[in-house]
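Containing mmCIF, N, CA, C and O atoms: coords_10.cif.
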```cif
data_target
loop_
_atom_site.group_PDB
_atom_site.id
_atom_site.type_symbol
_atom_site.label_atom_id
_atom_site.label_comp_id
_atom_site.auth_asym_id
_atom_site.auth_seq_id
_atom_site.Cartn_x
_atom_site.Cartn_y
_atom_site.Cartn_z
ATOM 1 N N MET Q 1 91.439 84.296 105.450
ATOM 2 C CA MET Q 1 91.920 85.299 104.523
ATOM 3 C C MET Q 1 93.082 86.054 105.169
ATOM 4 O O MET Q 1 92.973 86.559 106.272
ATOM 5 N N LEU Q 2 94.185 86.122 104.473
ATOM 6 C CA LEU Q 2 95.381 86.790 104.972
ATOM 7 C C LEU Q 2 95.343 88.268 104.580
ATOM 8 O O LEU Q 2 95.204 88.611 103.407
ATOM 9 N N LEU Q 3 95.434 89.140 105.575
ATOM 10 C CA LEU Q 3 95.407 90.579 105.328
ATOM 11 C C LEU Q 3 96.812 91.082 104.981
ATOM 12 O O LEU Q 3 97.800 90.565 105.500
ATOM 13 N N PRO Q 4 96.917 92.093 104.128
ATOM 14 C CA PRO Q 4 98.230 92.639 103.788
ATOM 15 C C PRO Q 4 98.862 93.348 104.987
ATOM 16 O O PRO Q 4 98.168 93.911 105.828
ATOM 17 N N ASP Q 5 100.165 93.296 105.052
ATOM 18 C CA ASP Q 5 100.917 93.954 106.119
ATOM 19 C C ASP Q 5 100.976 95.457 105.825
ATOM 20 O O ASP Q 5 101.511 95.862 104.781
ATOM 21 N N PRO Q 6 100.435 96.314 106.699
ATOM 22 C CA PRO Q 6 100.432 97.755 106.406
ATOM 23 C C PRO Q 6 101.834 98.347 106.312
ATOM 24 O O PRO Q 6 102.066 99.271 105.532
ATOM 25 N N TRP Q 7 102.778 97.840 107.068
ATOM 26 C CA TRP Q 7 104.149 98.365 107.005
ATOM 27 C C TRP Q 7 104.811 97.995 105.679
ATOM 28 O O TRP Q 7 105.557 98.785 105.106
ATOM 29 N N GLU Q 8 104.508 96.803 105.182
ATOM 30 C CA GLU Q 8 105.027 96.398 103.882
ATOM 31 C C GLU Q 8 104.416 97.261 102.780
ATOM 32 O O GLU Q 8 105.110 97.684 101.850
ATOM 33 N N SER Q 9 103.136 97.523 102.897
ATOM 34 C CA SER Q 9 102.463 98.374 101.913
ATOM 35 C C SER Q 9 103.030 99.788 101.933
ATOM 36 O O SER Q 9 103.224 100.413 100.885
ATOM 37 N N ARG Q 10 103.331 100.294 103.128
ATOM 38 C CA ARG Q 10 103.891 101.650 103.252
ATOM 39 C C ARG Q 10 105.277 101.712 102.627
ATOM 40 O O ARG Q 10 105.636 102.698 101.973
ATOM 41 N N GLU Q 11 106.066 100.655 102.806
ATOM 42 C CA GLU Q 11 107.393 100.599 102.197
ATOM 43 C C GLU Q 11 107.273 100.614 100.667
ATOM 44 O O GLU Q 11 108.066 101.262 99.986
ATOM 45 N N LEU Q 12 106.297 99.913 100.138
ATOM 46 C CA LEU Q 12 106.072 99.913 98.689
ATOM 47 C C LEU Q 12 105.744 101.327 98.202
ATOM 48 O O LEU Q 12 106.242 101.764 97.164
ATOM 49 N N LEU Q 13 104.939 102.054 98.965
ATOM 50 C CA LEU Q 13 104.612 103.427 98.586
ATOM 51 C C LEU Q 13 105.848 104.325 98.607
ATOM 52 O O LEU Q 13 105.986 105.234 97.788
ATOM 53 N N ASP Q 14 106.772 104.077 99.533
ATOM 54 C CA ASP Q 14 108.037 104.822 99.542
ATOM 55 C C ASP Q 14 108.846 104.526 98.286
ATOM 56 O O ASP Q 14 109.458 105.421 97.708
ATOM 57 N N GLN Q 15 108.852 103.280 97.859
ATOM 58 C CA GLN Q 15 109.559 102.909 96.632
ATOM 59 C C GLN Q 15 108.923 103.584 95.420
ATOM 60 O O GLN Q 15 109.629 104.048 94.515
ATOM 61 N N VAL Q 16 107.611 103.643 95.406
ATOM 62 C CA VAL Q 16 106.904 104.318 94.316
ATOM 63 C C VAL Q 16 107.282 105.798 94.304
ATOM 64 O O VAL Q 16 107.555 106.364 93.243
ATOM 65 N N ALA Q 17 107.323 106.419 95.459
ATOM 66 C CA ALA Q 17 107.678 107.844 95.537
ATOM 67 C C ALA Q 17 109.081 108.089 94.994
ATOM 68 O O ALA Q 17 109.325 109.098 94.323
ATOM 69 N N ARG Q 18 110.004 107.164 95.269
ATOM 70 C CA ARG Q 18 111.372 107.321 94.761
ATOM 71 C C ARG Q 18 111.432 107.177 93.240
ATOM 72 O O ARG Q 18 112.339 107.712 92.603
ATOM 73 N N ALA Q 19 110.479 106.462 92.660
ATOM 74 C CA ALA Q 19 110.463 106.252 91.210
ATOM 75 C C ALA Q 19 109.764 107.386 90.465
ATOM 76 O O ALA Q 19 109.923 107.512 89.250
ATOM 77 N N LEU Q 20 109.016 108.213 91.168
ATOM 78 C CA LEU Q 20 108.279 109.303 90.535
ATOM 79 C C LEU Q 20 109.177 110.499 90.267
ATOM 80 O O LEU Q 20 110.292 110.602 90.792
ATOM 81 N N SER Q 21 108.661 111.427 89.487
ATOM 82 C CA SER Q 21 109.350 112.700 89.305
ATOM 83 C C SER Q 21 109.381 113.433 90.649
ATOM 84 O O SER Q 21 108.644 113.075 91.581
ATOM 85 N N ARG Q 22 110.181 114.457 90.745
ATOM 86 C CA ARG Q 22 110.249 115.215 92.010
ATOM 87 C C ARG Q 22 108.882 115.763 92.398
ATOM 88 O O ARG Q 22 108.481 115.698 93.548
ATOM 89 N N ARG Q 23 108.195 116.309 91.423
ATOM 90 C CA ARG Q 23 106.879 116.890 91.705
ATOM 91 C C ARG Q 23 105.892 115.807 92.141
ATOM 92 O O ARG Q 23 105.161 115.970 93.117
ATOM 93 N N GLY Q 24 105.863 114.702 91.415
ATOM 94 C CA GLY Q 24 104.960 113.604 91.759
ATOM 95 C C GLY Q 24 105.264 113.018 93.123
ATOM 96 O O GLY Q 24 104.363 112.729 93.913
ATOM 97 N N ALA Q 25 106.565 112.854 93.413
ATOM 98 C CA ALA Q 25 106.972 112.321 94.709
ATOM 99 C C ALA Q 25 106.572 113.264 95.837
ATOM 100 O O ALA Q 25 106.105 112.828 96.885
ATOM 101 N N ARG Q 26 106.744 114.560 95.615
ATOM 102 C CA ARG Q 26 106.374 115.548 96.631
ATOM 103 C C ARG Q 26 104.872 115.490 96.912
ATOM 104 O O ARG Q 26 104.445 115.523 98.066
ATOM 105 N N GLU Q 27 104.066 115.375 95.869
ATOM 106 C CA GLU Q 27 102.619 115.302 96.044
ATOM 107 C C GLU Q 27 102.214 114.023 96.772
ATOM 108 O O GLU Q 27 101.375 114.055 97.677
ATOM 109 N N LEU Q 28 102.825 112.903 96.386
ATOM 110 C CA LEU Q 28 102.507 111.637 97.054
ATOM 111 C C LEU Q 28 102.906 111.687 98.523
ATOM 112 O O LEU Q 28 102.148 111.275 99.398
ATOM 113 N N ARG Q 29 104.092 112.206 98.807
ATOM 114 C CA ARG Q 29 104.542 112.273 100.201
ATOM 115 C C ARG Q 29 103.669 113.198 101.040
ATOM 116 O O ARG Q 29 103.455 112.951 102.227
ATOM 117 N N ARG Q 30 103.133 114.245 100.424
ATOM 118 C CA ARG Q 30 102.219 115.144 101.141
ATOM 119 C C ARG Q 30 100.953 114.397 101.545
ATOM 120 O O ARG Q 30 100.489 114.501 102.681
ATOM 121 N N VAL Q 31 100.419 113.615 100.628
ATOM 122 C CA VAL Q 31 99.222 112.826 100.929
ATOM 123 C C VAL Q 31 99.539 111.771 101.983
ATOM 124 O O VAL Q 31 98.782 111.573 102.944
ATOM 125 N N LEU Q 32 100.664 111.101 101.830
ATOM 126 C CA LEU Q 32 101.034 110.048 102.774
ATOM 127 C C LEU Q 32 101.278 110.596 104.181
ATOM 128 O O LEU Q 32 101.000 109.913 105.166
ATOM 129 N N ALA Q 33 101.798 111.811 104.276
ATOM 130 C CA ALA Q 33 102.063 112.396 105.592
ATOM 131 C C ALA Q 33 100.780 112.498 106.412
ATOM 132 O O ALA Q 33 100.788 112.232 107.616
ATOM 133 N N GLY Q 34 99.697 112.867 105.781
ATOM 134 C CA GLY Q 34 98.419 112.938 106.488
ATOM 135 C C GLY Q 34 97.960 111.572 106.964
ATOM 136 O O GLY Q 34 97.465 111.416 108.085
ATOM 137 N N HIS Q 35 98.161 110.560 106.141
ATOM 138 C CA HIS Q 35 97.773 109.202 106.530
ATOM 139 C C HIS Q 35 98.712 108.642 107.602
ATOM 140 O O HIS Q 35 98.292 107.900 108.480
ATOM 141 N N ASP Q 36 99.995 109.006 107.511
ATOM 142 C CA ASP Q 36 100.949 108.560 108.530
ATOM 143 C C ASP Q 36 100.539 109.060 109.909
ATOM 144 O O ASP Q 36 100.694 108.363 110.904
ATOM 145 N N GLN Q 37 100.012 110.272 109.979
ATOM 146 C CA GLN Q 37 99.569 110.831 111.257
ATOM 147 C C GLN Q 37 98.431 110.010 111.852
ATOM 148 O O GLN Q 37 98.322 109.884 113.058
ATOM 149 N N LEU Q 38 97.583 109.471 111.009
ATOM 150 C CA LEU Q 38 96.477 108.641 111.503
ATOM 151 C C LEU Q 38 96.995 107.336 112.105
ATOM 152 O O LEU Q 38 96.463 106.834 113.087
ATOM 153 N N TRP Q 39 98.032 106.775 111.499
ATOM 154 C CA TRP Q 39 98.565 105.486 111.946
ATOM 155 C C TRP Q 39 99.536 105.636 113.109
ATOM 156 O O TRP Q 39 99.691 104.733 113.913
ATOM 157 N N ASP Q 40 100.237 106.766 113.176
ATOM 158 C CA ASP Q 40 101.275 106.951 114.193
ATOM 159 C C ASP Q 40 101.209 108.385 114.716
ATOM 160 O O ASP Q 40 102.063 109.201 114.404
ATOM 161 N N PRO Q 41 100.173 108.715 115.509
ATOM 162 C CA PRO Q 41 99.980 110.107 115.928
ATOM 163 C C PRO Q 41 100.931 110.596 117.022
ATOM 164 O O PRO Q 41 100.964 111.774 117.308
ATOM 165 N N ALA Q 42 101.692 109.707 117.671
ATOM 166 C CA ALA Q 42 102.571 110.125 118.776
ATOM 167 C C ALA Q 42 103.768 110.910 118.235
ATOM 168 O O ALA Q 42 104.406 110.477 117.280
ATOM 169 N N PRO Q 43 104.058 112.062 118.824
ATOM 170 C CA PRO Q 43 105.258 112.798 118.415
ATOM 171 C C PRO Q 43 106.506 111.951 118.641
ATOM 172 O O PRO Q 43 106.567 111.127 119.549
ATOM 173 N N ARG Q 44 107.506 112.142 117.842
ATOM 174 C CA ARG Q 44 108.728 111.338 117.905
ATOM 175 C C ARG Q 44 109.413 111.392 119.275
ATOM 176 O O ARG Q 44 110.016 110.435 119.694
ATOM 177 N N THR Q 45 109.326 112.522 119.950
ATOM 178 C CA THR Q 45 110.018 112.628 121.236
ATOM 179 C C THR Q 45 109.462 111.651 122.263
ATOM 180 O O THR Q 45 110.145 111.313 123.204
ATOM 181 N N TYR Q 46 108.240 111.180 122.076
ATOM 182 C CA TYR Q 46 107.651 110.246 123.032
ATOM 183 C C TYR Q 46 107.868 108.787 122.654
ATOM 184 O O TYR Q 46 107.381 107.903 123.300
ATOM 185 N N ARG Q 47 108.598 108.561 121.575
ATOM 186 C CA ARG Q 47 108.852 107.192 121.141
ATOM 187 C C ARG Q 47 110.277 106.757 121.423
ATOM 188 O O ARG Q 47 110.804 105.869 120.792
ATOM 189 N N GLY Q 48 110.930 107.418 122.359
ATOM 190 C CA GLY Q 48 112.272 107.011 122.739
ATOM 191 C C GLY Q 48 113.368 107.550 121.841
ATOM 192 O O GLY Q 48 114.486 107.099 121.915
ATOM 193 N N GLU Q 49 113.067 108.527 120.993
ATOM 194 C CA GLU Q 49 114.070 109.058 120.105
ATOM 195 C C GLU Q 49 114.619 110.399 120.601
ATOM 196 O O GLU Q 49 115.393 111.036 119.904
ATOM 197 N N GLY Q 50 114.211 110.802 121.779
ATOM 198 C CA GLY Q 50 114.678 112.066 122.325
ATOM 199 C C GLY Q 50 116.028 111.902 123.009
ATOM 200 O O GLY Q 50 116.588 110.818 123.080
ATOM 201 N N PRO Q 51 116.592 112.994 123.513
ATOM 202 C CA PRO Q 51 117.908 112.949 124.138
ATOM 203 C C PRO Q 51 117.913 112.297 125.526
ATOM 204 O O PRO Q 51 118.960 112.049 126.083
ATOM 205 N N TRP Q 52 116.756 112.021 126.081
ATOM 206 C CA TRP Q 52 116.715 111.445 127.421
ATOM 207 C C TRP Q 52 116.682 109.993 127.352
ATOM 208 O O TRP Q 52 116.472 109.055 127.269
#
```

Can you give me the file's structure in the form of structure tokens?
Amino acid sequence: MLLPDPWESRELLDQVARALSRRGARELRRVLAGHDQLWDPAPRTYRGEGPW
């Protein structure tokens, strides 16, 4: 059984958010932000995106 790619699924959710009204998109992104933290809890500065 082939499992769905979570990154592909997340991209689809971004596309859905862009198609929603501003209010709907804001609500969806708020929910997704909490789930994003579960999948990628490291702060951005520790992922090589800092000035060093």

Item to check | Computed interatomic separation between atom CA of Q:Leu3 and atom CA of Q:Gln37 (Å) | outcome: 21.5 Å

Next on the checklist: Please compute the atom N of Q:Asp14-atom CA of Q:Arg29 distance, one decimal, in Å.
Outcome noted: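 Computing it gives 8.5 Å between the two atoms.
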
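Pairwise distance (atom C of Q:Asp5, atom CA of Q:Arg23) equals 26.3 Å.
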
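Ranking Q:Arg22, Q:Val16, Q:Leu2, Q:Trp7 by their shortest atom-to-atom distance to Q:Asp36, with only C-alpha atoms included, puts Q:Trp7 first.
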
12 Å contact set for Q:Leu13, only C-alpha atoms, chain neighbours under 5 positions out, as a compact mmCIF listing (two decimals) with N, CA, C and O atoms, in the frame of the given file:
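Once everything was written out, this is around.txt:
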```txt
# COMPACT_ATOMS: atom_id res chain seq x y z
N PRO Q 6 100.44 96.31 106.70
CA PRO Q 6 100.43 97.76 106.41
C PRO Q 6 101.83 98.35 106.31
O PRO Q 6 102.07 99.27 105.53
N TRP Q 7 102.78 97.84 107.07
CA TRP Q 7 104.15 98.36 107.00
C TRP Q 7 104.81 98.00 105.68
O TRP Q 7 105.56 98.78 105.11
N GLU Q 8 104.51 96.80 105.18
CA GLU Q 8 105.03 96.40 103.88
C GLU Q 8 104.42 97.26 102.78
O GLU Q 8 105.11 97.68 101.85
N ARG Q 18 110.00 107.16 95.27
CA ARG Q 18 111.37 107.32 94.76
C ARG Q 18 111.43 107.18 93.24
O ARG Q 18 112.34 107.71 92.60
N ALA Q 19 110.48 106.46 92.66
CA ALA Q 19 110.46 106.25 91.21
C ALA Q 19 109.76 107.39 90.46
O ALA Q 19 109.92 107.51 89.25
N LEU Q 20 109.02 108.21 91.17
CA LEU Q 20 108.28 109.30 90.54
C LEU Q 20 109.18 110.50 90.27
O LEU Q 20 110.29 110.60 90.79
N ALA Q 25 106.56 112.85 93.41
CA ALA Q 25 106.97 112.32 94.71
C ALA Q 25 106.57 113.26 95.84
O ALA Q 25 106.10 112.83 96.88
N LEU Q 28 102.82 112.90 96.39
CA LEU Q 28 102.51 111.64 97.05
C LEU Q 28 102.91 111.69 98.52
O LEU Q 28 102.15 111.28 99.40
N ARG Q 29 104.09 112.21 98.81
CA ARG Q 29 104.54 112.27 100.20
C ARG Q 29 103.67 113.20 101.04
O ARG Q 29 103.46 112.95 102.23
N VAL Q 31 100.42 113.62 100.63
CA VAL Q 31 99.22 112.83 100.93
C VAL Q 31 99.54 111.77 101.98
O VAL Q 31 98.78 111.57 102.94
N LEU Q 32 100.66 111.10 101.83
CA LEU Q 32 101.03 110.05 102.77
C LEU Q 32 101.28 110.60 104.18
O LEU Q 32 101.00 109.91 105.17
N ALA Q 33 101.80 111.81 104.28
CA ALA Q 33 102.06 112.40 105.59
C ALA Q 33 100.78 112.50 106.41
O ALA Q 33 100.79 112.23 107.62
N HIS Q 35 98.16 110.56 106.14
CA HIS Q 35 97.77 109.20 106.53
C HIS Q 35 98.71 108.64 107.60
O HIS Q 35 98.29 107.90 108.48
N ASP Q 36 100.00 109.01 107.51
CA ASP Q 36 100.95 108.56 108.53
C ASP Q 36 100.54 109.06 109.91
O ASP Q 36 100.69 108.36 110.90
```
